[in-house]
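One structure is given below, encoded as structure tokens.
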Amino acid sequence: MKILIIEDEPALGSAVRDRVRQAGHVADWFRTLTDGRAALRASAYDFLLLDLGLPDGNGRYLLREIRRNRSSLAVLITTAKDQISDRIAGLSEGADDYIVKPYDLDELVARIEAVARRYIALPDNIVIIDDVEIDLSRRQLRREGRTIDLSAREWAIVELLARRPGALCSREQIEDALYGLSDDVESNAIEVFISRIRKKTGPGLIVTVRGRGYSLAESSS
């Protein structure tokens with residue numbers, strides 16, 4: 001997934017960004033509502049980690065905007081406020097979950113995964129295509145029962161396509177999902193990753209629609 005982090009504490013923000021990336025996700029980190037809004041305009045995110053007490057305003061203002069305009073974005077509030085009224089307000093305004101500082105980074109990642117599963121309309125979070133099984137919960141791809149070792153970005157491509165069954169993803173959409181705003185992207189990077197996935201998984205899993213993009217082969221489940 002591509003995750004936007006809006007957190008004004010430098011040590012915590014960098015630690016969360018690094019832990020989220022370690023878990024195999026793409027992460028951008030900003031410290032103000034202004035920069036967070038700009039990032040949302042510039043790129044497509046799957047998930048938002050949103051602090052409430054920010055230098056230029058309360059994160060709940062941004063949450064309200066998101067729910068008016070981007071209802072499909074998963075949002076997890078991270079804040080030092082531990083009053084029940086604050087939690088209720090955040091959840092009632094559209095947050096999917098709420099975690100109070102200080103929190104364990106491993107618990108945060110587990111909560112991200114739990115919230116993300118609610119947005120996947122697939123039985124058991126598993127996609128089966130012939131002898132290939134893509135397990136979105138365990139972040140694994142197996143062929144004929146054997147686990148295929150994929151790099152973080154190779155898995156990100158497979159996950160992106162699997163979360164959009166039957167949908168065509170353009171090269172630009174895949175680039176957007178794989179890279180942060182500060183990353184430099186080589187012109188043939190996506191083609192290289194697709195080629196590596198095909199070598200590891202065998203032919204037939206990823207379909208190329210010339211001039212338009214890529215999709216998974218038709219699911220058998």
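In the structure tokens, each chain is lettered A, B, ... as it comes, each chain's residues begin at 1, and ligands are numbered from 1 in order of appearance.
Within the 10 Å cut-off around A:Pro55, using only C-alpha atoms and omitting residues fewer than 6 positions from it on the same chain, the listed residues are A:Glu7, A:Asp8, A:Arg31, A:Thr32, A:Leu33, A:Thr34.
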Worksheet item: stretch 23-187 of chain A: which residues are alpha helix (DSSP H) by DSSP, as a PyMOL selection string?
Response: chain A and resi 33-42+59-69+84-92+105-118+152-162+171-178
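Counting only C-alpha atoms, the residue from A:Val16, A:Leu54, A:Leu105, A:Ala162 that sits nearest to A:Ile126 is A:Ala162.
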Worksheet item: Near stretch 116-120 of chain A, within 10 Å and counting only C-alpha atoms, which residues show up once chain neighbours fewer than 2 positions away are dropped, as a list in words?
Response: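 The neighbour list is Met1, Asp46, Phe47, Ser72, Leu73, Ala74, Val75, Asp96, Ala110, Arg111, Ile112, Glu113, Ala114, Leu122, Pro123, Asp124, Asn125, Ile126, Leu136, Ser137, Ala162, Arg163 and Arg164 of chain A.
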Worksheet entry | Two-atom distance - atom CA of A:Ile3, atom CA of A:Leu48 (Å) |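 That distance, rounded to one decimal, is 5.7 Å.
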Can you list, as a PDB file with N, CA and C atoms, in the first residue's frame, every protein, DNA or RNA residue that comes within 12 Å of A:Thr201 when you count only C-alpha atoms, leaving out same-chain residues fewer than 3 positions away?
```
ATOM      1  N   ILE A 129      -5.579 -17.802  -8.977  1.00  0.00           N
ATOM      2  CA  ILE A 129      -5.545 -17.780 -10.439  1.00  0.00           C
ATOM      3  C   ILE A 129      -4.812 -19.036 -10.892  1.00  0.00           C
ATOM      4  N   ASP A 130      -5.572 -20.005 -11.386  1.00  0.00           N
ATOM      5  CA  ASP A 130      -5.015 -21.317 -11.747  1.00  0.00           C
ATOM      6  C   ASP A 130      -4.270 -21.893 -10.546  1.00  0.00           C
ATOM      7  N   ASP A 131      -2.950 -22.117 -10.659  1.00  0.00           N
ATOM      8  CA  ASP A 131      -2.211 -22.710  -9.543  1.00  0.00           C
ATOM      9  C   ASP A 131      -1.492 -21.667  -8.695  1.00  0.00           C
ATOM     10  N   VAL A 132      -1.838 -20.388  -8.875  1.00  0.00           N
ATOM     11  CA  VAL A 132      -1.237 -19.308  -8.089  1.00  0.00           C
ATOM     12  C   VAL A 132      -2.228 -18.846  -7.021  1.00  0.00           C
ATOM     13  N   GLU A 133      -1.756 -18.737  -5.781  1.00  0.00           N
ATOM     14  CA  GLU A 133      -2.561 -18.240  -4.675  1.00  0.00           C
ATOM     15  C   GLU A 133      -1.903 -16.984  -4.117  1.00  0.00           C
ATOM     16  N   ILE A 134      -2.652 -15.885  -4.124  1.00  0.00           N
ATOM     17  CA  ILE A 134      -2.154 -14.613  -3.589  1.00  0.00           C
ATOM     18  C   ILE A 134      -2.879 -14.356  -2.278  1.00  0.00           C
ATOM     19  N   LEU A 141       2.743 -14.961  -1.983  1.00  0.00           N
ATOM     20  CA  LEU A 141       2.306 -15.531  -3.259  1.00  0.00           C
ATOM     21  C   LEU A 141       2.855 -16.948  -3.326  1.00  0.00           C
ATOM     22  N   ARG A 142       1.944 -17.896  -3.607  1.00  0.00           N
ATOM     23  CA  ARG A 142       2.359 -19.292  -3.706  1.00  0.00           C
ATOM     24  C   ARG A 142       1.937 -19.839  -5.064  1.00  0.00           C
ATOM     25  N   ARG A 143       2.793 -20.681  -5.634  1.00  0.00           N
ATOM     26  CA  ARG A 143       2.458 -21.383  -6.877  1.00  0.00           C
ATOM     27  C   ARG A 143       2.654 -22.870  -6.645  1.00  0.00           C
ATOM     28  N   GLU A 144       1.592 -23.612  -6.887  1.00  0.00           N
ATOM     29  CA  GLU A 144       1.593 -25.056  -6.631  1.00  0.00           C
ATOM     30  C   GLU A 144       2.025 -25.344  -5.196  1.00  0.00           C
ATOM     31  N   ARG A 146       4.076 -23.719  -3.346  1.00  0.00           N
ATOM     32  CA  ARG A 146       5.431 -23.256  -3.012  1.00  0.00           C
ATOM     33  C   ARG A 146       5.449 -21.731  -2.948  1.00  0.00           C
ATOM     34  N   THR A 147       5.980 -21.190  -1.844  1.00  0.00           N
ATOM     35  CA  THR A 147       6.037 -19.744  -1.679  1.00  0.00           C
ATOM     36  C   THR A 147       7.088 -19.154  -2.603  1.00  0.00           C
ATOM     37  N   ILE A 148       6.697 -18.128  -3.346  1.00  0.00           N
ATOM     38  CA  ILE A 148       7.601 -17.423  -4.252  1.00  0.00           C
ATOM     39  C   ILE A 148       8.142 -16.194  -3.537  1.00  0.00           C
ATOM     40  N   ASP A 149       9.448 -16.049  -3.517  1.00  0.00           N
ATOM     41  CA  ASP A 149      10.087 -14.917  -2.843  1.00  0.00           C
ATOM     42  C   ASP A 149      10.047 -13.693  -3.750  1.00  0.00           C
ATOM     43  N   LEU A 150       9.327 -12.669  -3.319  1.00  0.00           N
ATOM     44  CA  LEU A 150       9.236 -11.425  -4.078  1.00  0.00           C
ATOM     45  C   LEU A 150       9.865 -10.288  -3.285  1.00  0.00           C
ATOM     46  N   GLU A 154       8.172  -5.766  -5.971  1.00  0.00           N
ATOM     47  CA  GLU A 154       7.497  -6.796  -6.774  1.00  0.00           C
ATOM     48  C   GLU A 154       6.176  -7.181  -6.114  1.00  0.00           C
ATOM     49  N   TRP A 155       6.223  -7.373  -4.790  1.00  0.00           N
ATOM     50  CA  TRP A 155       4.979  -7.700  -4.085  1.00  0.00           C
ATOM     51  C   TRP A 155       3.992  -6.551  -4.192  1.00  0.00           C
ATOM     52  N   VAL A 158       2.063  -6.849  -7.373  1.00  0.00           N
ATOM     53  CA  VAL A 158       1.097  -7.950  -7.302  1.00  0.00           C
ATOM     54  C   VAL A 158      -0.081  -7.572  -6.412  1.00  0.00           C
ATOM     55  N   ILE A 194       7.931  -5.915 -13.650  1.00  0.00           N
ATOM     56  CA  ILE A 194       6.976  -6.864 -14.232  1.00  0.00           C
ATOM     57  C   ILE A 194       7.711  -8.070 -14.808  1.00  0.00           C
ATOM     58  N   SER A 195       8.823  -7.813 -15.489  1.00  0.00           N
ATOM     59  CA  SER A 195       9.616  -8.908 -16.061  1.00  0.00           C
ATOM     60  C   SER A 195      10.140  -9.844 -14.969  1.00  0.00           C
ATOM     61  N   ARG A 196      10.602  -9.273 -13.863  1.00  0.00           N
ATOM     62  CA  ARG A 196      11.122 -10.096 -12.759  1.00  0.00           C
ATOM     63  C   ARG A 196      10.012 -10.944 -12.140  1.00  0.00           C
ATOM     64  N   ILE A 197       8.828 -10.348 -11.977  1.00  0.00           N
ATOM     65  CA  ILE A 197       7.700 -11.112 -11.415  1.00  0.00           C
ATOM     66  C   ILE A 197       7.366 -12.285 -12.317  1.00  0.00           C
ATOM     67  N   ARG A 198       7.326 -12.040 -13.627  1.00  0.00           N
ATOM     68  CA  ARG A 198       6.997 -13.111 -14.566  1.00  0.00           C
ATOM     69  C   ARG A 198       8.033 -14.229 -14.540  1.00  0.00           C
ATOM     70  N   GLY A 204       1.533 -15.903 -17.559  1.00  0.00           N
ATOM     71  CA  GLY A 204       0.088 -15.968 -17.421  1.00  0.00           C
ATOM     72  C   GLY A 204      -0.509 -15.237 -16.241  1.00  0.00           C
ATOM     73  N   LEU A 205       0.307 -14.863 -15.240  1.00  0.00           N
ATOM     74  CA  LEU A 205      -0.264 -14.214 -14.063  1.00  0.00           C
ATOM     75  C   LEU A 205      -0.608 -12.747 -14.347  1.00  0.00           C
ATOM     76  N   ILE A 206       0.338 -12.021 -14.937  1.00  0.00           N
ATOM     77  CA  ILE A 206       0.125 -10.603 -15.238  1.00  0.00           C
ATOM     78  C   ILE A 206      -0.077 -10.446 -16.736  1.00  0.00           C
TER      79      ILE A 206
END
```
Which residues are close to A:Asp18, i.e. within 12 Å by only C-alpha atoms, leaving aside same-chain residues fewer than 4 positions away? Reply as a compact mmCIF listing (two decimals) with N, CA and C atoms, in the first residue's frame.
```
# COMPACT_ATOMS: atom_id res chain seq x y z
N ILE A 3 1.17 4.80 1.77
CA ILE A 3 0.70 5.35 3.02
C ILE A 3 1.23 6.76 3.21
N ILE A 5 1.81 9.71 5.94
CA ILE A 5 1.94 9.94 7.38
C ILE A 5 1.98 11.44 7.61
N ALA A 11 11.09 12.75 15.65
CA ALA A 11 11.59 11.41 15.98
C ALA A 11 10.52 10.35 15.71
N LEU A 12 9.30 10.64 16.12
CA LEU A 12 8.22 9.67 15.91
C LEU A 12 7.89 9.53 14.44
N GLY A 13 7.80 10.65 13.73
CA GLY A 13 7.46 10.61 12.31
C GLY A 13 8.45 9.79 11.51
N SER A 14 9.74 9.99 11.75
CA SER A 14 10.75 9.23 11.00
C SER A 14 10.73 7.76 11.38
N GLN A 22 9.60 -0.74 6.28
CA GLN A 22 10.13 -2.07 6.59
C GLN A 22 9.07 -3.14 6.41
N ALA A 23 7.81 -2.76 6.65
CA ALA A 23 6.69 -3.71 6.49
C ALA A 23 6.31 -3.90 5.02
N GLY A 24 7.01 -3.22 4.11
CA GLY A 24 6.79 -3.44 2.69
C GLY A 24 5.90 -2.43 2.00
N HIS A 25 5.59 -1.33 2.69
CA HIS A 25 4.72 -0.32 2.11
C HIS A 25 5.54 0.88 1.62
N VAL A 26 4.94 1.67 0.75
CA VAL A 26 5.50 2.95 0.34
C VAL A 26 4.99 4.00 1.32
N ALA A 27 5.87 4.88 1.79
CA ALA A 27 5.45 5.85 2.79
C ALA A 27 6.02 7.24 2.49
N ASP A 28 5.15 8.25 2.58
CA ASP A 28 5.55 9.65 2.56
C ASP A 28 5.20 10.25 3.91
N TRP A 29 6.11 11.09 4.43
CA TRP A 29 5.89 11.68 5.76
C TRP A 29 5.95 13.20 5.66
N LEU A 105 5.29 0.37 17.63
CA LEU A 105 5.29 0.44 16.18
C LEU A 105 4.79 -0.85 15.53
N ASP A 106 5.06 -1.98 16.15
CA ASP A 106 4.55 -3.24 15.61
C ASP A 106 3.03 -3.30 15.73
N VAL A 109 1.59 -1.19 12.87
CA VAL A 109 1.57 -1.89 11.59
C VAL A 109 0.46 -2.93 11.56
```
Worksheet item: Can you list every residue in stretch 88-219 of chain A that DSSP puts in strand (DSSP E or B), as a PyMOL selection string?
Response: chain A and resi 97-100+126-129+132-135+140-143+146-148+169+206-209+213-216
Worksheet entry | Distance query A:Ile157 at most 9 Å, only C-alpha atoms, self and fewer than 6 positions along chain excluded, as a PyMOL selection string | chain A and resi 174+177-178+190+193-194+197
Take the residues just selected and output them with C-alpha atoms as a PDB file, in the first residue's frame.
```pdb
ATOM      1  CA  ILE A 174       1.698   1.540 -10.702  1.00  0.00           C
ATOM      2  CA  ALA A 177       1.683   3.218  -5.897  1.00  0.00           C
ATOM      3  CA  LEU A 178       5.336   2.144  -5.721  1.00  0.00           C
ATOM      4  CA  ILE A 190       7.896  -0.806 -14.039  1.00  0.00           C
ATOM      5  CA  PHE A 193       9.712  -5.243 -12.133  1.00  0.00           C
ATOM      6  CA  ILE A 194       6.976  -6.864 -14.232  1.00  0.00           C
ATOM      7  CA  ILE A 197       7.700 -11.112 -11.415  1.00  0.00           C
TER       8      ILE A 197
END
```
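Between atom CA of A:Glu65 and atom CA of A:Glu93 the separation is 9.9 Å.
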Worksheet item: Distance atom CA of A:Arg60-atom CA of A:Leu4, one decimal place?
Response: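 Distance between the two atoms: 15.4 Å.
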Discussion item. Measuring between only C-alpha atoms, which one of A:Arg67, A:Glu218, A:Glu107, A:Glu9 shows the shortest distance to A:Leu91?
Written reply: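 Among the listed residues, A:Arg67 lies closest to A:Leu91.
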